Every structure is written in C-alpha cells, then in structure tokens.
file entry.cif (mmCIF, C-alpha atoms and all ligand atoms)
data_entry
#
loop_
_atom_site.label_atom_id
_atom_site.label_comp_id
_atom_site.auth_asym_id
_atom_site.auth_seq_id
_atom_site.Cartn_x
_atom_site.Cartn_y
_atom_site.Cartn_z
CA MET A 746 -2.66 22.21 147.79
CA ASN A 747 -2.57 24.79 145.03
CA ILE A 748 -1.18 24.98 141.54
CA GLY A 749 0.83 28.18 141.11
CA PHE A 750 0.68 30.15 137.88
CA PHE A 751 2.73 33.18 137.06
CA ASP A 752 3.25 35.63 134.24
CA SER A 753 4.50 39.17 133.82
CA GLY A 754 0.85 40.23 133.79
CA ILE A 755 -2.48 39.04 132.50
CA GLY A 756 -1.10 36.87 129.66
CA GLY A 757 -0.97 33.75 131.79
CA LEU A 758 -4.74 33.98 132.21
CA SER A 759 -4.95 32.59 128.66
CA VAL A 760 -3.18 29.49 129.99
CA LEU A 761 -5.13 29.35 133.25
CA ARG A 762 -8.31 29.49 131.17
CA GLU A 763 -7.33 26.15 129.60
CA ALA A 764 -6.40 24.73 133.01
CA LEU A 765 -9.85 25.58 134.36
CA ALA A 766 -11.38 23.68 131.44
CA VAL A 767 -9.17 20.59 131.85
CA LEU A 768 -8.67 20.59 135.63
CA PRO A 769 -11.67 22.43 137.12
CA ASN A 770 -11.34 20.86 140.57
CA GLU A 771 -7.88 22.21 141.29
CA ASN A 772 -7.17 25.34 143.34
CA TYR A 773 -5.04 27.97 141.66
CA LEU A 774 -2.86 30.88 142.75
CA TYR A 775 -2.28 33.34 139.91
CA TYR A 776 0.64 35.76 140.26
CA ALA A 777 0.60 38.64 137.77
CA ASP A 778 3.87 40.52 138.06
CA GLN A 779 2.25 43.71 136.85
CA ASP A 780 4.62 45.97 138.79
CA ASN A 781 7.28 44.68 136.39
CA THR A 782 5.50 44.18 133.06
CA PRO A 783 6.74 43.74 130.38
CA TYR A 784 9.28 40.94 130.66
CA GLY A 785 9.86 40.63 126.92
CA THR A 786 11.97 43.77 126.65
CA LYS A 787 14.10 43.02 129.74
CA THR A 788 17.37 41.09 129.96
CA ARG A 789 17.49 37.40 130.77
CA ASN A 790 18.96 38.12 134.20
CA GLU A 791 16.36 40.69 135.12
CA VAL A 792 13.56 38.29 134.24
CA LYS A 793 15.24 35.40 136.01
CA LYS A 794 15.40 37.42 139.24
CA LEU A 795 11.74 38.37 138.94
CA ALA A 796 10.78 34.76 138.25
CA PHE A 797 12.58 33.56 141.37
CA LYS A 798 10.83 36.22 143.42
CA ALA A 799 7.43 35.19 142.07
CA VAL A 800 8.04 31.52 142.74
CA GLU A 801 9.34 32.20 146.23
CA PHE A 802 6.09 34.00 146.96
CA LEU A 803 3.98 31.21 145.49
CA THR A 804 5.82 28.52 147.46
CA SER A 805 5.19 30.48 150.67
CA ARG A 806 1.48 29.94 149.92
CA ARG A 807 2.03 26.20 149.40
CA ILE A 808 1.95 24.91 145.85
CA LYS A 809 2.21 21.34 144.59
CA ALA A 810 3.12 22.35 141.02
CA LEU A 811 4.01 25.46 139.07
CA VAL A 812 3.09 26.65 135.60
CA ILE A 813 5.35 29.36 134.25
CA ALA A 814 2.58 30.81 132.09
CA CYS A 815 5.01 33.04 130.23
CA ASN A 816 7.32 32.17 127.36
CA ALA A 817 9.87 34.84 128.27
CA ALA A 818 10.10 33.79 131.93
CA THR A 819 10.34 30.14 130.90
CA SER A 820 13.30 30.88 128.61
CA ALA A 821 15.06 32.84 131.31
CA SER A 822 14.41 30.69 134.36
CA VAL A 823 12.90 27.23 133.95
CA GLU A 824 16.15 25.29 134.16
CA ASP A 825 17.38 27.10 137.26
CA LEU A 826 13.99 26.92 138.95
CA ARG A 827 13.92 23.16 138.40
CA LYS A 828 17.31 22.89 140.11
CA LYS A 829 16.00 24.71 143.16
CA TYR A 830 12.50 23.24 143.59
CA ASP A 831 11.41 19.64 143.53
CA PHE A 832 7.72 20.08 142.63
CA PRO A 833 6.77 19.74 138.95
CA ILE A 834 7.47 22.90 136.95
CA ILE A 835 5.75 23.25 133.59
CA GLY A 836 7.00 25.90 131.19
CA MET A 837 5.73 27.46 127.99
CA GLU A 838 7.31 27.00 124.60
CA PRO A 839 6.10 28.45 121.28
CA ALA A 840 4.26 25.70 119.35
CA VAL A 841 6.79 25.66 116.52
CA LYS A 842 6.85 21.92 116.01
CA PRO A 843 3.17 21.37 115.19
CA ALA A 844 3.26 24.53 113.07
CA VAL A 845 6.18 23.26 111.00
CA THR A 846 4.51 19.89 110.41
CA LYS A 847 1.27 21.54 109.36
CA SER A 848 2.85 24.15 107.12
CA LEU A 849 5.31 21.80 105.42
CA ASN A 850 2.37 19.71 104.29
CA GLY A 851 0.81 22.75 102.68
CA GLY A 852 4.09 24.08 101.25
CA LYS A 853 3.81 27.26 103.33
CA ARG A 854 6.02 29.07 105.85
CA VAL A 855 5.61 29.58 109.61
CA LEU A 856 5.69 32.91 111.41
CA VAL A 857 6.33 33.01 115.16
CA LEU A 858 4.98 36.10 116.92
CA SER A 859 6.56 36.58 120.32
CA THR A 860 8.65 38.96 122.42
CA ALA A 861 12.27 39.96 121.86
CA LEU A 862 13.52 38.06 124.90
CA THR A 863 11.93 34.75 123.93
CA LEU A 864 13.08 35.02 120.32
CA ARG A 865 16.72 35.72 121.11
CA GLU A 866 17.05 33.14 123.91
CA VAL A 867 18.96 29.88 123.39
CA LYS A 868 15.91 27.81 124.31
CA PHE A 869 13.95 29.10 121.32
CA GLN A 870 16.93 29.12 118.96
CA ASP A 871 17.61 25.47 119.85
CA LEU A 872 13.99 24.56 119.31
CA VAL A 873 14.00 26.11 115.84
CA ALA A 874 17.33 24.49 114.95
CA ARG A 875 15.85 21.12 115.98
CA VAL A 876 12.48 21.24 114.25
CA ASP A 877 12.89 23.68 111.35
CA THR A 878 14.59 21.24 109.01
CA GLY A 879 13.10 22.89 105.93
CA HIS A 880 14.08 26.44 107.01
CA ILE A 881 10.53 27.69 106.83
CA VAL A 882 10.31 29.47 110.18
CA ASP A 883 10.43 33.27 110.49
CA MET A 884 9.93 35.29 113.65
CA ILE A 885 8.88 38.72 114.68
CA ALA A 886 8.48 40.51 118.03
CA ALA A 887 5.15 42.18 118.79
CA PRO A 888 5.79 44.01 122.08
CA LYS A 889 2.90 46.41 121.71
CA LEU A 890 0.39 43.59 122.00
CA VAL A 891 1.62 43.08 125.56
CA GLU A 892 1.06 46.78 126.29
CA PHE A 893 -2.42 46.74 124.76
CA ALA A 894 -3.36 43.61 126.68
CA GLU A 895 -2.23 45.07 129.99
CA ARG A 896 -4.59 47.97 129.29
CA PHE A 897 -7.36 45.47 128.46
CA VAL A 898 -7.47 46.76 124.90
CA PHE A 899 -7.93 43.72 122.69
CA GLU A 900 -9.47 45.23 119.59
CA GLY A 901 -10.25 48.53 117.92
CA ALA A 902 -8.59 50.85 115.46
CA VAL A 903 -5.24 51.23 117.27
CA VAL A 904 -4.73 47.48 117.68
CA GLU A 905 -5.72 46.82 114.06
CA ALA A 906 -3.43 49.55 112.75
CA TYR A 907 -0.50 48.08 114.70
CA LEU A 908 -1.19 44.57 113.44
CA ARG A 909 -1.62 45.68 109.84
CA GLU A 910 1.71 47.48 110.02
CA LEU A 911 3.40 44.48 111.61
CA LEU A 912 1.79 41.95 109.28
CA PRO A 913 1.22 43.68 105.92
CA LEU A 914 -0.90 41.56 103.62
CA GLU A 915 1.70 41.43 100.84
CA ARG A 916 4.27 39.99 103.26
CA ILE A 917 2.15 37.35 104.93
CA THR A 918 0.55 35.41 102.11
CA CYS A 919 3.52 33.00 102.18
CA TYR A 920 2.55 31.84 105.69
CA GLY A 921 0.39 28.82 106.44
CA THR A 922 0.61 29.13 110.23
CA ILE A 923 1.16 31.89 112.73
CA VAL A 924 2.37 30.74 116.15
CA LEU A 925 1.40 32.86 119.14
CA GLY A 926 4.60 32.63 121.17
CA CYS A 927 3.55 34.89 124.02
CA THR A 928 0.72 34.14 126.41
CA HIS A 929 -0.72 37.63 126.05
CA PHE A 930 -1.39 37.06 122.36
CA PRO A 931 -4.28 34.53 122.36
CA PHE A 932 -6.50 37.40 123.56
CA PHE A 933 -5.99 38.95 120.11
CA ARG A 934 -7.14 35.88 118.22
CA LYS A 935 -10.40 37.48 117.16
CA VAL A 936 -8.80 40.58 115.66
CA LEU A 937 -6.02 38.50 114.10
CA SER A 938 -8.54 36.22 112.40
CA ARG A 939 -10.28 39.27 111.07
CA ILE A 940 -7.23 40.85 109.47
CA LEU A 941 -5.40 37.71 108.32
CA PRO A 942 -6.33 35.71 105.22
CA ASP A 943 -8.64 32.79 106.07
CA ASP A 944 -6.13 30.14 105.06
CA ILE A 945 -3.59 31.12 107.74
CA ASP A 946 -3.93 29.00 110.90
CA ILE A 947 -3.32 30.70 114.21
CA ILE A 948 -2.02 28.38 116.91
CA ASP A 949 -0.77 28.57 120.49
CA GLY A 950 0.67 26.02 122.88
CA ASN A 951 -1.74 26.60 125.75
CA ARG A 952 -3.85 23.45 125.54
CA GLY A 953 -0.77 21.30 124.96
CA THR A 954 0.88 22.78 128.04
CA ILE A 955 -2.16 22.08 130.19
CA ASN A 956 -2.51 18.53 128.86
CA HIS A 957 1.10 18.07 129.88
CA LEU A 958 0.34 19.52 133.34
CA HIS A 959 -2.52 17.04 133.68
CA ASP A 960 -0.30 14.10 132.70
CA VAL A 961 2.45 15.13 135.11
CA LEU A 962 0.03 15.62 138.03
CA LYS A 963 -1.54 12.27 137.27
CA SER A 964 1.73 10.39 137.05
CA GLU A 965 2.92 11.95 140.33
CA ASN A 966 -0.38 11.26 142.06
CA LEU A 967 -0.98 14.95 142.64
CA LEU A 968 -4.40 15.37 141.05
CA ASN A 969 -7.04 16.78 143.36
CA THR A 970 -9.57 14.03 143.88
CA SER A 971 -12.24 16.32 145.32
CA SER A 972 -15.35 16.59 143.17
CA GLU A 973 -15.85 20.22 144.17
CA LYS A 974 -14.99 23.06 141.86
CA GLY A 975 -11.72 24.73 142.84
CA HIS A 976 -10.99 28.42 143.29
CA VAL A 977 -8.56 30.95 141.88
CA LEU A 978 -6.77 33.57 144.00
CA PHE A 979 -5.06 36.47 142.24
CA PHE A 980 -1.94 38.33 143.31
CA ARG A 981 -0.33 41.38 141.79
CA SER A 982 3.45 41.12 142.32
CA GLY A 983 2.87 39.44 145.67
CA VAL A 984 -0.06 41.52 146.93
CA PRO A 985 -3.53 39.92 146.99
CA VAL A 986 -5.84 41.47 144.42
CA GLU A 987 -8.92 42.55 146.34
CA ASP A 988 -10.49 45.16 144.09
CA PRO A 989 -13.71 43.51 142.81
CA ALA A 990 -13.50 45.49 139.55
CA VAL A 991 -10.04 44.06 138.79
CA ILE A 992 -11.07 40.55 139.79
CA GLU A 993 -14.06 40.87 137.50
CA LYS A 994 -11.82 41.86 134.59
CA TYR A 995 -9.56 38.86 135.21
CA ASN A 996 -12.52 36.51 135.50
CA LYS A 997 -13.97 37.87 132.29
CA LEU A 998 -10.75 36.93 130.47
CA LEU A 999 -10.86 33.48 132.03
CA LYS A 1000 -14.31 33.00 130.58
CA SER A 1001 -13.59 34.59 127.20
N1 LIG B 1101 3.32 36.81 128.51
C1 LIG B 1101 4.71 36.73 128.40
C2 LIG B 1101 5.20 35.67 127.43
O1 LIG B 1101 4.53 34.72 127.17
C3 LIG B 1101 5.55 37.96 128.27
C4 LIG B 1101 4.98 39.27 127.96
C5 LIG B 1101 5.89 40.39 128.41
O2 LIG B 1101 5.80 40.72 129.59
O3 LIG B 1101 6.66 40.91 127.58
O4 LIG B 1101 6.31 35.75 126.96
#

call {"tool": "encode", "arguments": {"input": "entry.cif", "output": "structure tokens", "more": "lines below"}}
Ligand code: DGL
result
Amino acid sequence: MNIGFFDSGIGGLSVLREALAVLPNENYLYYADQDNTPYGTKTRNEVKKLAFKAVEFLTSRRIKALVIACNAATSASVEDLRKKYDFPIIGMEPAVKPAVTKSLNGGKRVLVLSTALTLREVKFQDLVARVDTGHIVDMIAAPKLVEFAERFVFEGAVVEAYLRELLPLERITCYGTIVLGCTHFPFFRKVLSRILPDDIDIIDGNRGTINHLHDVLKSENLLNTSSEKGHVLFFRSGVPVEDPAVIEKYNKLLKS
C-alpha cells in the first residue's frame, strides 16, 4: 500500500525528499493541487474543501497513511480529516518550539516565515501562545516565494530583490533563527543563506515530520518490509502527471 502526500503544489516535494531518505522502500503517491495553488491566500473553508477532495482521490488509490505536506492545508483540515479517516494522518507545523529553545539560549528572537493562512489560523496562534513564553516570536507572510517556486524559480535577481525587501538587513539582526513555515520555502535555503547573516539559523520541520511518520508507521505495524526501493507516482489535482519533462523537474527537486 502507498503513503499519500499532498500539497497545493510542489512544496510538499521538500517533505517527500526527506521521506525518501528515511523510508526509501515505501511507495508514494504525490498529489500536487496545482490547479488551485496557492492555498496560503485562500480562506480556511476553501482550503478545507480542496484538502478533502485531494484526500478522497488519494484514498481511491489505496493509501495506508497520509502526509499533509502543507502547513496551510494542515491548519485548515487536519482535525476534520482525522475524524473522517482512520489511517494515520501526519500534518505539518512550523518548527517554532525548537527555534524558541535555540534562540532563547542565544538571547535572540525568532522569525517565522509562512503564508497568511497558516499565520492567522488558530492552530498556529495556539502553538505560539504555548511555546513563546518569552515573547520572542515574530511572523511574516512570504506569498511570493510560493509563486516563484511554482515557476521553478529558486534563485536569481528577482528572488533576491524580494527577499531583501522582505528581510532588510537592519531589521533582521535581532533574529537568531528563521523558521520556514511553508513547505515551498526549503527550496530557497541556498539563496536565504546567501543573503542572511551567517549567525542566523534557518530551520524547517520536514525531518521531524518524517521521523514522526516513521514512528507512527512502525508502531502501527505499517512499515513496508520489502527490501526493494519504492516508487513515486505524481498527480496534478487528480490527473496523473505523464509529461516526462515535468516528472524530471519534480525528481530533480527530490534529489536537490
Ligand atoms: N506549501 C504550502 C504550505 O506549507 C502552502 C503554499 C501555498 O499554496 O500558499 O503552507
């Protein structure tokens, strides 16, 4: 049986990339809802509907577990999806807790970069209220990074100009950690490292999420015991992706 992954687009590939490293023998179905990207600027209800549609499609192809490889879709739908389906459902959550611990030690602040939907949702607000005891967490939406990523533009003058405007040097020296709270953003790690001061850590929750997936599959006896390498099938909003050029682009990101 497969493990289903879904995201509004290609962002979830940054999570699948970790899954392939930790659980290479599993078979994966990756649903990129690219007919409806972006999610981050939509309402909670719109995204919830799209998430249910994606999961209905994935279940029709038989899945034993689901990774909602999207922070926005997790905020909008994880609780309701768990009420409907009884297979394990793993969601994304910005890695605020480790960032706070790290930054408090260094006397610095934390900046969460995400999308508008994730940042305004109760799930995130509750998380910050719980872990940000020192009131050191700030947040900012970076919707254009999602647009750039969907066009496979991960560096260059336009991306750098946007990031420099969003994160001007004089405003960011107070930060010890930047949390990538959108799964599209890890693809910008290289350019971020280049423009940010060296002492700012950039973290995401992808590996933690996949370690959690591993533990859940193990405890529920769902790990694939085959010693053969698994495969990944891609779908765009429910339609199999067959164009070799597109598949090649996806695979390149999985190997990046
Ligand atoms: N990749 C998604 C996330 O982690 C959302 C991007 C979007 O479609 O706005 O939130």

call {"tool": "residues_near_ligand", "arguments": {"input": "entry.cif", "ligand": "ligand LIG 1101 (chain B)", "cutoff": "6 Å", "atoms": "all atoms listed in the file", "output": "number ranges by chain"}}
result
A: 752-753, 756, 782-785, 815-817, 860, 891, 927-929

call {"tool": "axis_aligned_box", "arguments": {"input": "entry.cif", "around": "region 909-914 of chain A", "padding_each_side": "4 Å", "output": "AutoDock Vina command-line options"}}
result
--center_x 0.9 --center_y 44.5 --center_z 107.6 --size_x 13.0 --size_y 13.9 --size_z 16.0

call {"tool": "atom_distance", "arguments": {"input": "entry.cif", "atom1": "CA of His959 (chain A)", "atom2": "CA of Lys842 (chain A)"}}
result
20.6 Å

call {"tool": "residues_around", "arguments": {"input": "entry.cif", "residues": "region 825-828 of chain A", "least_positions_apart": "2", "cutoff": "9 Å", "atoms": "all atoms listed in the file", "output": "number ranges by chain"}}
result
A: 793, 796-797, 800, 821-823, 830-834

call {"tool": "atom_distance", "arguments": {"input": "entry.cif", "atom1": "CA of Phe751 (chain A)", "atom2": "CA of Tyr776 (chain A)"}}
result
4.6 Å

call {"tool": "atom_distance", "arguments": {"input": "entry.cif", "atom1": "CA of Ile885 (chain A)", "atom2": "CA of Thr863 (chain A)"}}
result
10.5 Å

call {"tool": "closest_residue", "arguments": {"input": "entry.cif", "among": "A:Val845, A:Ile945, A:Leu978, A:Leu858", "to": "Val876 (chain A)", "atoms": "only C-alpha atoms"}}
result
A:Val845

call {"tool": "closest_atom_pairs", "arguments": {"input": "entry.cif", "of": "region 927-951 of chain A", "to": "region 899-920 of chain A", "cutoff": "8 Å", "atoms": "only C-alpha atoms", "output": "tab-separated table"}}
result
residue	atom	partner	partner_atom	distance
A:Phe932	CA	A:Phe899	CA	6.5
A:Phe933	CA	A:Phe899	CA	5.8
A:Val936	CA	A:Glu900	CA	6.1
A:Leu937	CA	A:Leu908	CA	7.8
A:Ile940	CA	A:Arg909	CA	7.4
A:Leu941	CA	A:Leu914	CA	7.6
A:Pro942	CA	A:Thr918	CA	7.6
A:Ile945	CA	A:Tyr920	CA	6.5

call {"tool": "closest_residue", "arguments": {"input": "entry.cif", "among": "A:Asp877, A:Asp871, A:Asp943, A:Glu824", "to": "Leu849 (chain A)", "atoms": "all atoms listed in the file"}}
result
A:Asp877

call {"tool": "residues_near_point", "arguments": {"input": "entry.cif", "point": "(-1.6, 25.2, 107.9)", "cutoff": "9 Å", "atoms": "all atoms listed in the file", "output": "ChimeraX atom specification"}}
result
/A:844-855,920-923,944-947

call {"tool": "residues_around", "arguments": {"input": "entry.cif", "residues": "Leu864 (chain A)", "least_positions_apart": "4", "cutoff": "12 Å", "atoms": "only C-alpha atoms", "output": "PyMOL selection string"}}
result
chain A and resi 785-786+789+816-817+819-821+838-839+841+856-860+868-873+882-888+925-927

call {"tool": "write_last_selection", "arguments": {"input": "entry.cif", "atoms": "C-alpha atoms", "output": "short mmCIF file (atom, residue, chain, number, x, y, z; two decimals), in the coordinates of the input"}}
result
data_model
loop_
_atom_site.label_atom_id
_atom_site.label_comp_id
_atom_site.auth_asym_id
_atom_site.auth_seq_id
_atom_site.Cartn_x
_atom_site.Cartn_y
_atom_site.Cartn_z
CA GLY A 785 9.86 40.63 126.92
CA THR A 786 11.97 43.77 126.65
CA ARG A 789 17.49 37.40 130.77
CA ASN A 816 7.32 32.17 127.36
CA ALA A 817 9.87 34.84 128.27
CA THR A 819 10.34 30.14 130.90
CA SER A 820 13.30 30.88 128.61
CA ALA A 821 15.06 32.84 131.31
CA GLU A 838 7.31 27.00 124.60
CA PRO A 839 6.10 28.45 121.28
CA VAL A 841 6.79 25.66 116.52
CA LEU A 856 5.69 32.91 111.41
CA VAL A 857 6.33 33.01 115.16
CA LEU A 858 4.98 36.10 116.92
CA SER A 859 6.56 36.58 120.32
CA THR A 860 8.65 38.96 122.42
CA LYS A 868 15.91 27.81 124.31
CA PHE A 869 13.95 29.10 121.32
CA GLN A 870 16.93 29.12 118.96
CA ASP A 871 17.61 25.47 119.85
CA LEU A 872 13.99 24.56 119.31
CA VAL A 873 14.00 26.11 115.84
CA VAL A 882 10.31 29.47 110.18
CA ASP A 883 10.43 33.27 110.49
CA MET A 884 9.93 35.29 113.65
CA ILE A 885 8.88 38.72 114.68
CA ALA A 886 8.48 40.51 118.03
CA ALA A 887 5.15 42.18 118.79
CA PRO A 888 5.79 44.01 122.08
CA LEU A 925 1.40 32.86 119.14
CA GLY A 926 4.60 32.63 121.17
CA CYS A 927 3.55 34.89 124.02
#

call {"tool": "closest_residue", "arguments": {"input": "entry.cif", "among": "A:Arg981, A:Ala818, A:Val924, A:Glu791", "to": "Pro843 (chain A)", "atoms": "only C-alpha atoms"}}
result
A:Val924

call {"tool": "closest_residue", "arguments": {"input": "entry.cif", "among": "A:Leu967, A:Ile992, A:Ala814, A:Ile808", "to": "Leu758 (chain A)", "atoms": "only C-alpha atoms"}}
result
A:Ala814

call {"tool": "closest_residue", "arguments": {"input": "entry.cif", "among": "A:Gly757, A:Gly953, A:Gly983, A:Pro989", "to": "Ala894 (chain A)", "atoms": "all atoms listed in the file"}}
result
A:Gly757

call {"tool": "residues_near_point", "arguments": {"input": "entry.cif", "point": "(-3.9, 31.2, 126.1)", "cutoff": "6 Å", "atoms": "all atoms listed in the file", "output": "JSON, numbers by chain"}}
result
{"A": [759, 760, 928, 931, 951]}

call {"tool": "residues_around", "arguments": {"input": "entry.cif", "residues": "Leu958 (chain A)", "least_positions_apart": "3", "cutoff": "8 Å", "atoms": "all atoms listed in the file", "output": "PyMOL selection string"}}
result
chain A and resi 812+835+954-955+961-962

call {"tool": "closest_residue", "arguments": {"input": "entry.cif", "among": "A:Ala766, A:Ala874, A:Met746, A:Leu998", "to": "Leu811 (chain A)", "atoms": "only C-alpha atoms"}}
result
A:Met746
